[in-house]
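Asker: Input structure: final10.json, which contains JSON, C-alpha atoms.
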[["chain", "number", "residue", "atom", "x", "y", "z"],
["W", 13, "MET", "CA", 99.82, 38.87, -98.10],
["W", 14, "GLN", "CA", 100.55, 37.63, -94.64],
["W", 15, "SER", "CA", 98.46, 38.54, -91.64],
["W", 16, "ASP", "CA", 98.19, 37.12, -88.05],
["W", 17, "GLY", "CA", 100.19, 34.00, -88.88],
["W", 18, "HIS", "CA", 97.72, 32.47, -91.35],
["W", 19, "HIS", "CA", 96.73, 32.78, -94.99],
["W", 20, "ARG", "CA", 93.28, 32.64, -96.59],
["W", 21, "SER", "CA", 93.24, 32.09, -100.32],
["W", 22, "SER", "CA", 90.42, 33.72, -102.18],
["W", 23, "GLY", "CA", 87.89, 31.42, -103.82],
["W", 24, "SER", "CA", 89.03, 28.48, -101.66],
["W", 25, "THR", "CA", 87.57, 26.84, -98.59],
["W", 26, "ILE", "CA", 90.99, 25.74, -97.31],
["W", 27, "GLU", "CA", 92.54, 27.81, -94.57],
["W", 28, "MET", "CA", 96.23, 27.68, -93.70],
["W", 29, "TYR", "CA", 97.25, 28.04, -90.09],
["W", 30, "GLY", "CA", 101.00, 28.07, -89.97],
["W", 31, "ASP", "CA", 102.08, 24.74, -91.46],
["W", 32, "GLU", "CA", 98.71, 23.03, -90.95],
["W", 33, "LEU", "CA", 95.82, 22.75, -93.34],
["W", 34, "GLU", "CA", 92.30, 22.82, -92.02],
["W", 35, "PRO", "CA", 90.00, 20.67, -94.19],
["W", 36, "PRO", "CA", 86.75, 22.13, -95.38],
["W", 37, "LYS", "CA", 84.03, 21.97, -92.80],
["W", 38, "SER", "CA", 81.23, 19.55, -93.60],
["W", 39, "LYS", "CA", 77.82, 20.90, -94.31],
["W", 40, "ALA", "CA", 75.72, 21.23, -91.20],
["W", 41, "ARG", "CA", 73.21, 18.40, -90.75],
["W", 42, "SER", "CA", 69.65, 19.29, -90.00],
["W", 43, "GLY", "CA", 68.08, 17.69, -87.00],
["W", 44, "TYR", "CA", 66.86, 18.22, -83.47],
["W", 45, "SER", "CA", 67.68, 17.34, -79.87],
["W", 46, "VAL", "CA", 65.72, 15.05, -77.54],
["W", 47, "ASP", "CA", 66.72, 14.62, -73.89],
["W", 48, "GLY", "CA", 70.22, 15.92, -74.64],
["W", 49, "TYR", "CA", 70.81, 13.55, -77.59],
["W", 50, "SER", "CA", 71.15, 14.89, -81.12],
["W", 51, "LEU", "CA", 68.90, 13.28, -83.69],
["W", 52, "TYR", "CA", 69.58, 14.06, -87.30],
["W", 53, "ASP", "CA", 67.06, 13.86, -90.09],
["W", 54, "ASP", "CA", 69.04, 11.32, -92.11],
["W", 55, "GLU", "CA", 69.33, 9.03, -89.08],
["W", 56, "VAL", "CA", 65.63, 9.33, -88.33],
["W", 57, "THR", "CA", 64.82, 8.61, -91.96],
["W", 58, "THR", "CA", 67.01, 5.49, -91.91],
["W", 59, "ALA", "CA", 65.47, 4.27, -88.65],
["W", 60, "THR", "CA", 61.98, 4.94, -89.98],
["W", 61, "ALA", "CA", 62.76, 3.00, -93.15],
["W", 62, "LYS", "CA", 64.05, 0.02, -91.17],
["W", 63, "SER", "CA", 61.02, 0.14, -88.90],
["W", 64, "GLY", "CA", 58.77, 0.34, -91.94],
["W", 65, "ARG", "CA", 60.38, -2.72, -93.53],
["W", 66, "PHE", "CA", 60.02, -4.69, -90.29],
["W", 67, "SER", "CA", 56.36, -3.69, -89.95],
["W", 68, "GLN", "CA", 55.78, -4.63, -93.56],
["W", 69, "LEU", "CA", 57.37, -8.04, -92.97],
["W", 70, "LEU", "CA", 55.14, -8.61, -89.93],
["W", 71, "ASN", "CA", 52.10, -7.59, -91.96],
["W", 72, "HIS", "CA", 53.01, -10.03, -94.72],
["W", 73, "LEU", "CA", 53.54, -12.84, -92.19],
["W", 74, "GLY", "CA", 50.26, -12.02, -90.47],
["W", 75, "THR", "CA", 48.40, -12.01, -93.77],
["W", 76, "PHE", "CA", 49.99, -15.29, -94.84],
["W", 77, "TYR", "CA", 49.15, -16.92, -91.50],
["W", 78, "SER", "CA", 45.55, -15.67, -91.67],
["W", 79, "GLU", "CA", 45.19, -17.06, -95.19],
["W", 80, "GLN", "CA", 46.55, -20.42, -94.05],
["W", 81, "LEU", "CA", 44.13, -20.46, -91.12],
["W", 82, "GLU", "CA", 41.28, -19.94, -93.56],
["W", 83, "SER", "CA", 42.40, -22.46, -96.18],
["W", 84, "ASN", "CA", 44.12, -25.12, -94.01],
["W", 85, "PRO", "CA", 43.06, -24.56, -90.38],
["W", 86, "ILE", "CA", 43.97, -27.95, -88.92],
["W", 87, "ARG", "CA", 47.33, -28.20, -90.67],
["W", 88, "THR", "CA", 48.26, -24.63, -89.75],
["W", 89, "LYS", "CA", 47.29, -25.01, -86.10],
["W", 90, "SER", "CA", 49.03, -28.38, -85.87],
["W", 91, "PHE", "CA", 52.33, -27.15, -87.29],
["W", 92, "THR", "CA", 52.11, -24.09, -85.04],
["W", 93, "ALA", "CA", 51.58, -26.30, -81.99],
["W", 94, "GLY", "CA", 54.49, -28.56, -82.95],
["W", 95, "THR", "CA", 56.86, -25.64, -83.56],
["W", 96, "LEU", "CA", 56.02, -23.89, -80.29],
["W", 97, "ALA", "CA", 56.30, -27.22, -78.42],
["W", 98, "VAL", "CA", 59.88, -27.43, -79.69],
["W", 99, "VAL", "CA", 60.55, -23.93, -78.33],
["W", 100, "GLY", "CA", 59.11, -24.93, -74.95],
["W", 101, "ASP", "CA", 61.19, -28.11, -74.75],
["W", 102, "LEU", "CA", 64.39, -26.29, -75.73],
["W", 103, "LEU", "CA", 63.74, -23.89, -72.86],
["W", 104, "ALA", "CA", 63.10, -26.86, -70.55],
["W", 105, "GLN", "CA", 66.32, -28.60, -71.54],
["W", 106, "GLY", "CA", 68.26, -25.36, -71.14],
["W", 107, "ILE", "CA", 66.89, -24.94, -67.62],
["W", 108, "GLU", "CA", 67.66, -28.57, -66.75],
["W", 109, "LEU", "CA", 71.25, -28.27, -67.98],
["W", 110, "SER", "CA", 71.70, -25.00, -66.09],
["W", 111, "PHE", "CA", 70.60, -26.55, -62.79],
["W", 112, "ASP", "CA", 72.25, -29.93, -63.26],
["W", 113, "ASN", "CA", 74.41, -30.39, -60.15],
["W", 114, "THR", "CA", 74.73, -34.15, -60.31],
["W", 115, "GLY", "CA", 78.16, -34.02, -61.90],
["W", 116, "GLU", "CA", 77.15, -36.75, -64.32],
["W", 117, "GLU", "CA", 78.29, -36.36, -67.89],
["W", 118, "THR", "CA", 75.43, -35.73, -70.31],
["W", 119, "SER", "CA", 75.28, -35.69, -74.07],
["W", 120, "GLY", "CA", 73.83, -32.17, -74.14],
["W", 121, "LEU", "CA", 70.71, -31.48, -76.14],
["W", 122, "ASP", "CA", 68.41, -34.50, -76.42],
["W", 123, "GLY", "CA", 67.37, -34.48, -80.07],
["W", 124, "TRP", "CA", 64.87, -37.32, -79.82],
["W", 125, "ARG", "CA", 63.13, -35.54, -76.97],
["W", 126, "VAL", "CA", 62.79, -32.39, -79.10],
["W", 127, "PHE", "CA", 61.46, -34.48, -81.98],
["W", 128, "ALA", "CA", 58.98, -36.21, -79.67],
["W", 129, "MET", "CA", 57.64, -32.88, -78.46],
["W", 130, "PHE", "CA", 57.24, -31.69, -82.05],
["W", 131, "ILE", "CA", 55.28, -34.82, -83.01],
["W", 132, "GLU", "CA", 53.11, -34.48, -79.91],
["W", 133, "GLY", "CA", 52.18, -30.91, -80.83],
["W", 134, "LEU", "CA", 51.77, -31.69, -84.53],
["W", 135, "CYS", "CA", 49.71, -34.87, -84.24],
["W", 136, "PHE", "CA", 47.99, -34.53, -80.87],
["W", 137, "SER", "CA", 47.79, -31.15, -79.11],
["W", 138, "GLY", "CA", 47.23, -29.01, -82.21],
["W", 139, "PRO", "CA", 44.37, -31.10, -83.69],
["W", 140, "SER", "CA", 42.89, -31.67, -80.21],
["W", 141, "MET", "CA", 42.67, -27.94, -79.51],
["W", 142, "HIS", "CA", 41.16, -27.24, -82.94],
["W", 143, "TYR", "CA", 38.27, -29.66, -82.45],
["W", 144, "ALA", "CA", 37.89, -28.89, -78.73],
["W", 145, "TYR", "CA", 37.53, -25.14, -79.32],
["W", 146, "ASP", "CA", 35.00, -25.72, -82.09],
["W", 147, "PHE", "CA", 33.06, -27.93, -79.67],
["W", 148, "TYR", "CA", 33.20, -25.30, -76.91],
["W", 149, "GLU", "CA", 31.97, -22.62, -79.29],
["W", 150, "ARG", "CA", 28.99, -24.65, -80.47],
["W", 151, "LEU", "CA", 27.86, -25.36, -76.91],
["W", 152, "PHE", "CA", 28.76, -22.03, -75.31],
["W", 153, "PRO", "CA", 29.34, -19.33, -77.95],
["W", 154, "ILE", "CA", 31.54, -16.51, -76.71],
["W", 155, "VAL", "CA", 30.46, -13.82, -79.19],
["W", 156, "ILE", "CA", 26.69, -13.40, -79.42],
["W", 157, "CYS", "CA", 25.11, -11.58, -82.39],
["W", 158, "ASP", "CA", 21.50, -10.37, -82.42],
["W", 159, "CYS", "CA", 20.95, -11.64, -85.94],
["W", 160, "VAL", "CA", 19.48, -14.79, -87.45],
["W", 161, "GLU", "CA", 22.72, -16.45, -88.50],
["W", 162, "PRO", "CA", 25.85, -16.57, -86.34],
["W", 163, "ILE", "CA", 28.27, -13.96, -87.74],
["W", 164, "VAL", "CA", 31.73, -13.00, -86.51],
["W", 165, "HIS", "CA", 32.42, -9.77, -88.39],
["W", 166, "GLU", "CA", 31.49, -6.64, -86.46],
["W", 167, "ASP", "CA", 30.60, -4.56, -89.53],
["W", 168, "VAL", "CA", 27.65, -6.73, -90.57],
["W", 169, "GLN", "CA", 24.61, -4.79, -91.74],
["W", 170, "ILE", "CA", 21.12, -6.19, -91.13],
["W", 171, "LEU", "CA", 18.80, -5.61, -94.09],
["W", 172, "ASP", "CA", 15.07, -5.71, -94.49],
["W", 173, "ALA", "CA", 13.14, -7.57, -97.22],
["W", 174, "ASN", "CA", 13.77, -4.73, -99.67],
["W", 175, "GLY", "CA", 17.52, -4.72, -99.08],
["W", 176, "ASP", "CA", 17.50, -1.50, -97.09],
["W", 177, "ILE", "CA", 19.79, -1.20, -94.10],
["W", 178, "ILE", "CA", 17.91, -1.49, -90.83],
["W", 179, "ARG", "CA", 20.90, -1.28, -88.51],
["W", 180, "VAL", "CA", 24.35, -2.70, -87.87],
["W", 181, "ALA", "CA", 24.47, -5.99, -86.00],
["W", 182, "ASN", "CA", 25.17, -5.80, -82.29],
["W", 183, "PHE", "CA", 27.76, -8.09, -80.76],
["W", 184, "LYS", "CA", 28.27, -9.01, -77.13],
["W", 185, "THR", "CA", 30.96, -11.06, -75.40],
["W", 186, "GLU", "CA", 29.51, -13.64, -73.03],
["W", 187, "TRP", "CA", 32.15, -13.67, -70.31],
["W", 188, "LYS", "CA", 30.49, -16.49, -68.39],
["W", 189, "ASN", "CA", 30.98, -18.65, -71.49],
["W", 190, "VAL", "CA", 34.62, -17.55, -71.61],
["W", 191, "LEU", "CA", 35.03, -18.84, -68.07],
["W", 192, "ILE", "CA", 33.35, -22.12, -69.04],
["W", 193, "HIS", "CA", 35.72, -22.55, -72.00],
["W", 194, "VAL", "CA", 38.83, -21.92, -69.92],
["W", 195, "ALA", "CA", 37.67, -24.04, -66.96],
["W", 196, "PHE", "CA", 36.83, -27.00, -69.22],
["W", 197, "ASP", "CA", 40.12, -26.62, -71.07],
["W", 198, "GLN", "CA", 42.36, -26.26, -68.03],
["W", 199, "ILE", "CA", 40.63, -28.84, -65.80],
["W", 200, "PHE", "CA", 39.19, -31.60, -67.98],
["W", 201, "MET", "CA", 41.09, -31.31, -71.25],
["W", 202, "ALA", "CA", 44.32, -31.03, -69.26],
["W", 203, "MET", "CA", 43.81, -34.71, -68.33],
["W", 204, "TRP", "CA", 43.80, -35.53, -72.05],
["W", 205, "TYR", "CA", 46.75, -33.28, -72.90],
["W", 206, "VAL", "CA", 48.97, -34.56, -70.07],
["W", 207, "ALA", "CA", 48.23, -38.21, -70.86],
["W", 208, "GLY", "CA", 48.94, -37.67, -74.57],
["W", 209, "LEU", "CA", 52.16, -35.84, -73.81],
["W", 210, "MET", "CA", 53.42, -38.62, -71.56],
["W", 211, "ILE", "CA", 52.44, -41.47, -73.89],
["W", 212, "ILE", "CA", 53.70, -40.02, -77.17],
["W", 213, "THR", "CA", 57.01, -38.74, -75.82],
["W", 214, "CYS", "CA", 57.63, -41.93, -73.86],
["W", 215, "VAL", "CA", 57.22, -44.10, -76.96],
["W", 216, "ILE", "CA", 59.21, -41.88, -79.34],
["W", 217, "GLU", "CA", 62.03, -41.42, -76.82],
["W", 218, "GLY", "CA", 62.44, -45.19, -76.59],
["W", 219, "HIS", "CA", 61.00, -45.81, -73.13],
["W", 220, "SER", "CA", 57.83, -47.63, -74.16],
["W", 221, "SER", "CA", 58.63, -50.53, -71.80],
["W", 222, "ASP", "CA", 58.38, -48.07, -68.88],
["W", 223, "LEU", "CA", 55.12, -46.47, -70.04],
["W", 224, "GLY", "CA", 52.77, -48.35, -67.68],
["W", 225, "ALA", "CA", 54.85, -47.66, -64.60],
["W", 226, "GLU", "CA", 55.36, -44.03, -65.59],
["W", 227, "LEU", "CA", 51.63, -43.41, -66.01],
["W", 228, "GLN", "CA", 50.90, -45.12, -62.71],
["W", 229, "ASN", "CA", 53.57, -43.25, -60.75],
["W", 230, "ASP", "CA", 53.81, -39.85, -62.44],
["W", 231, "TYR", "CA", 50.49, -39.05, -64.14],
["W", 232, "LEU", "CA", 48.71, -37.53, -61.14],
["W", 233, "ARG", "CA", 51.82, -35.54, -60.20],
["W", 234, "ASN", "CA", 52.13, -34.14, -63.75],
["W", 235, "LEU", "CA", 48.42, -33.36, -63.88],
["W", 236, "GLY", "CA", 48.69, -31.52, -60.56],
["W", 237, "ALA", "CA", 51.60, -29.49, -61.93],
["W", 238, "SER", "CA", 49.46, -28.56, -64.94],
["W", 239, "TRP", "CA", 46.54, -27.47, -62.75],
["W", 240, "LEU", "CA", 48.83, -25.43, -60.49],
["W", 241, "ALA", "CA", 50.47, -23.67, -63.44],
["W", 242, "ALA", "CA", 47.02, -22.90, -64.87],
["W", 243, "ALA", "CA", 45.73, -21.47, -61.60],
["W", 244, "LEU", "CA", 48.78, -19.28, -61.04],
["W", 245, "PHE", "CA", 49.45, -18.00, -64.53],
["W", 246, "PHE", "CA", 47.86, -19.49, -67.64],
["W", 247, "ALA", "CA", 44.13, -19.33, -66.88],
["W", 248, "PRO", "CA", 43.93, -15.52, -66.41],
["W", 249, "ILE", "CA", 45.79, -14.92, -69.70],
["W", 250, "GLN", "CA", 43.66, -17.50, -71.47],
["W", 251, "ILE", "CA", 40.47, -15.82, -70.21],
["W", 252, "PHE", "CA", 41.61, -12.56, -71.78],
["W", 253, "ALA", "CA", 42.62, -14.28, -75.05],
["W", 254, "PHE", "CA", 39.34, -16.18, -75.37],
["W", 255, "GLY", "CA", 37.30, -13.07, -74.65],
["W", 256, "LYS", "CA", 39.12, -10.83, -77.13],
["W", 257, "LEU", "CA", 40.23, -13.08, -80.00],
["W", 258, "ASP", "CA", 38.33, -14.73, -82.80],
["W", 259, "LYS", "CA", 38.04, -18.51, -82.57],
["W", 260, "SER", "CA", 40.57, -18.99, -85.39],
["W", 261, "TYR", "CA", 43.32, -17.30, -83.37],
["W", 262, "ARG", "CA", 42.61, -18.90, -80.00],
["W", 263, "VAL", "CA", 44.77, -21.95, -80.76],
["W", 264, "LEU", "CA", 47.65, -19.66, -81.73],
["W", 265, "ALA", "CA", 47.22, -17.59, -78.56],
["W", 266, "VAL", "CA", 47.05, -20.68, -76.36],
["W", 267, "ASN", "CA", 50.09, -22.20, -78.10],
["W", 268, "ILE", "CA", 52.10, -19.06, -77.38],
["W", 269, "ILE", "CA", 50.95, -19.14, -73.75],
["W", 270, "ASP", "CA", 51.65, -22.86, -73.66],
["W", 271, "ILE", "CA", 55.33, -22.37, -74.47],
["W", 272, "LEU", "CA", 55.74, -21.93, -70.72],
["W", 273, "TRP", "CA", 53.24, -24.73, -70.03],
["W", 274, "VAL", "CA", 55.23, -27.06, -72.29],
["W", 275, "THR", "CA", 58.41, -25.96, -70.53],
["W", 276, "VAL", "CA", 56.95, -26.86, -67.14],
["W", 277, "MET", "CA", 55.37, -30.11, -68.32],
["W", 278, "SER", "CA", 58.50, -31.19, -70.21],
["W", 279, "ILE", "CA", 60.55, -30.75, -67.06],
["W", 280, "VAL", "CA", 58.16, -32.66, -64.78],
["W", 281, "THR", "CA", 57.53, -35.37, -67.40],
["W", 282, "HIS", "CA", 61.25, -36.06, -67.74],
["W", 283, "LEU", "CA", 62.12, -35.90, -64.04],
["W", 284, "ASN", "CA", 62.32, -39.68, -63.66],
["W", 285, "ARG", "CA", 62.98, -40.50, -67.31],
["W", 286, "GLY", "CA", 66.47, -41.15, -68.63],
["W", 287, "GLU", "CA", 67.94, -39.80, -71.83],
["W", 288, "SER", "CA", 66.22, -40.82, -75.01],
["W", 289, "GLU", "CA", 67.22, -43.92, -76.88],
["W", 290, "SER", "CA", 66.97, -44.15, -80.63],
["W", 291, "PHE", "CA", 63.34, -44.70, -81.60],
["W", 292, "VAL", "CA", 64.49, -46.88, -84.48],
["W", 293, "LYS", "CA", 66.71, -48.97, -82.21],
["W", 294, "SER", "CA", 64.34, -49.31, -79.27],
["W", 295, "VAL", "CA", 60.98, -49.63, -81.04],
["W", 296, "LEU", "CA", 61.07, -50.20, -84.78],
["W", 297, "ILE", "CA", 63.88, -52.77, -84.96],
["W", 298, "PRO", "CA", 62.44, -54.96, -82.14],
["W", 299, "MET", "CA", 59.01, -54.69, -83.77],
["W", 300, "LEU", "CA", 60.36, -55.75, -87.16],
["W", 301, "ALA", "CA", 62.33, -58.56, -85.52],
["W", 302, "LEU", "CA", 59.19, -59.79, -83.76],
["W", 303, "ILE", "CA", 57.25, -59.75, -87.04],
["W", 304, "GLY", "CA", 60.07, -61.63, -88.74],
["W", 305, "ASP", "CA", 60.16, -64.27, -86.01],
["W", 306, "ASN", "CA", 56.42, -64.79, -86.31],
["W", 307, "ILE", "CA", 56.72, -65.21, -90.07],
["W", 308, "VAL", "CA", 59.50, -67.78, -89.63],
["W", 309, "ASP", "CA", 57.54, -69.69, -86.96],
["W", 310, "SER", "CA", 54.42, -69.76, -89.13],
["W", 311, "THR", "CA", 56.34, -71.32, -92.03]]
Can I see the file as structure tokens?
Answerer:
Amino acid sequence: MQSDGHHRSSGSTIEMYGDELEPPKSKARSGYSVDGYSLYDDEVTTATAKSGRFSQLLNHLGTFYSEQLESNPIRTKSFTAGTLAVVGDLLAQGIELSFDNTGEETSGLDGWRVFAMFIEGLCFSGPSMHYAYDFYERLFPIVICDCVEPIVHEDVQILDANGDIIRVANFKTEWKNVLIHVAFDQIFMAMWYVAGLMIITCVIEGHSSDLGAELQNDYLRNLGASWLAAALFFAPIQIFAFGKLDKSYRVLAVNIIDILWVTVMSIVTHLNRGESESFVKSVLIPMLALIGDNIVDST
């Protein structure tokens, strides 16, 4: 039966409009609207699942890192320092290449320089910070507990001789000790960090013959740059990190902050230093040759 130019077949969801077929309409999706945008339940569920997987991954990484800090503190902090030093130097080299207006042809990324920064963080800065922060804490403890033994967990219960709970331990952050930690680290230990950075990278990058002149001419300038960066940016963040974080995580926090410090120091350290030479070619081979000559002369 024909009516109004279209047919509807009983028991079917297909409608015919003249010569065209209209496909069945999809089932309406449940959802809601936020700020004019439609959000559907299946999309929200997918996003929530992805967010949940990412949070789970972060939790696993955090747990693994905490376990490593407990079982291998020096190794974990050292590898963390080396890895983040690489990140800082890559940023530094990217900035240098972006602002290079000399017109001179360069070889791009300096691999030996990146390697030198990794070794400096792994073998020098990371271990130095571990022992320095332990030393600070023994002299000027940041978290004070009103109990006999020094305890870091805030849920510690103090018991009497019969094992009954007297009260929960009280903890207090000594902010004046936080300031002492940060001041000692940024003023005095900076002298150690800057010297180590210059010496280690200079040798590994193949410029050991220029080390004496570089320390004489550039050390005070580099140290001043470190102090200025600390005063303007790093010290306030470090004060907050030292006051709020457990001692185990202070090296990690400072290493993350020091990505920018490494970036600044890598730039100023390499201002007057040429591109790296092969460490094997500039240091090891001459050293082996010298040893060989001495052996020949002695025979």
Asker: Rounded to one decimal in Å, what is the spacing between atom CA of Gly133 of chain W and atom CA of Leu96 of chain W?
Answerer: 8.0 Å
Asker: Find the distance between atom CA of Leu134 of chain W and atom CA of Gly94 of chain W and write it in Å to one decimal.
Answerer: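 These atoms are spaced 4.4 Å apart.
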Asker: Give me, as a list in words, all polymer residues having an atom no more than 10 Å from Ile212 of chain W, counting only C-alpha atoms and skipping those fewer than 2 positions away in the same chain.
Answerer: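 Near neighbours after the sequence-gap exclusion: Ala128, Met129, Ile131, Glu132, Gly133, Cys135, Phe136, Ala207, Gly208, Leu209, Met210, Cys214, Val215, Ile216, Glu217, Ser220 and Leu223 of chain W.
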Asker: Up to 9 Å from (69.4, -30.6, -73.7) in the file's coordinates: name the residues, counting only C-alpha atoms, as a PDB file with C-alpha atoms, in the frame of the given file.
Answerer:
ATOM      1  CA  ASP W 101      61.190 -28.110 -74.750  1.00  0.00           C
ATOM      2  CA  LEU W 102      64.390 -26.290 -75.730  1.00  0.00           C
ATOM      3  CA  LEU W 103      63.740 -23.890 -72.860  1.00  0.00           C
ATOM      4  CA  ALA W 104      63.100 -26.860 -70.550  1.00  0.00           C
ATOM      5  CA  GLN W 105      66.320 -28.600 -71.540  1.00  0.00           C
ATOM      6  CA  GLY W 106      68.260 -25.360 -71.140  1.00  0.00           C
ATOM      7  CA  ILE W 107      66.890 -24.940 -67.620  1.00  0.00           C
ATOM      8  CA  GLU W 108      67.660 -28.570 -66.750  1.00  0.00           C
ATOM      9  CA  LEU W 109      71.250 -28.270 -67.980  1.00  0.00           C
ATOM     10  CA  THR W 118      75.430 -35.730 -70.310  1.00  0.00           C
ATOM     11  CA  SER W 119      75.280 -35.690 -74.070  1.00  0.00           C
ATOM     12  CA  GLY W 120      73.830 -32.170 -74.140  1.00  0.00           C
ATOM     13  CA  LEU W 121      70.710 -31.480 -76.140  1.00  0.00           C
ATOM     14  CA  ASP W 122      68.410 -34.500 -76.420  1.00  0.00           C
ATOM     15  CA  GLY W 123      67.370 -34.480 -80.070  1.00  0.00           C
ATOM     16  CA  ARG W 125      63.130 -35.540 -76.970  1.00  0.00           C
ATOM     17  CA  VAL W 126      62.790 -32.390 -79.100  1.00  0.00           C
TER      18      VAL W 126
END
Asker: Could you check which of W:Asn267, W:Asn71, W:Gln198, W:Ser238 is closest to Gly138 of chain W, using only C-alpha atoms?
Answerer: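 The shortest atom-to-atom distance to Gly138 of chain W comes from W:Asn267.
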Asker: Using Å and a single decimal, report how far atom CA of Val266 of chain W sits from atom CA of Phe196 of chain W.
Answerer: 14.0 Å
Asker: For Met203 of chain W, which residue among W:Arg233, W:His142, W:Arg65, W:Arg285 is the nearest when counting all atoms listed in the file?
Answerer: W:Arg233
Asker: Measuring atom to atom with all atoms listed in the file, identify which of W:Tyr145, W:Trp124, W:Trp239, W:Phe66 is nearest to Ile192 of chain W.
Answerer: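 Closest to Ile192 of chain W of all the choices is W:Tyr145.
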Asker: So which one's closest to His282 of chain W, W:Thr75, W:Tyr143, W:Asn234, W:Lys89? Using only C-alpha atoms, please.
Answerer: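 Of all the options, W:Asn234 lies closest to His282 of chain W.
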Asker: Please identify all polymer residues within 9 Å of segment 240-248 of chain W, counting only C-alpha atoms, omitting same-chain residues fewer than 6 positions from it, and present them as number ranges by chain.
Answerer: W: 194-195, 198-199, 266, 269-270, 272-273, 276
Asker: Quick one: write out the picked residues with C-alpha atoms as a compact mmCIF listing (two decimals), in the frame of the given file?
Answerer:
# COMPACT_ATOMS: atom_id res chain seq x y z
CA VAL W 194 38.83 -21.92 -69.92
CA ALA W 195 37.67 -24.04 -66.96
CA GLN W 198 42.36 -26.26 -68.03
CA ILE W 199 40.63 -28.84 -65.80
CA VAL W 266 47.05 -20.68 -76.36
CA ILE W 269 50.95 -19.14 -73.75
CA ASP W 270 51.65 -22.86 -73.66
CA LEU W 272 55.74 -21.93 -70.72
CA TRP W 273 53.24 -24.73 -70.03
CA VAL W 276 56.95 -26.86 -67.14
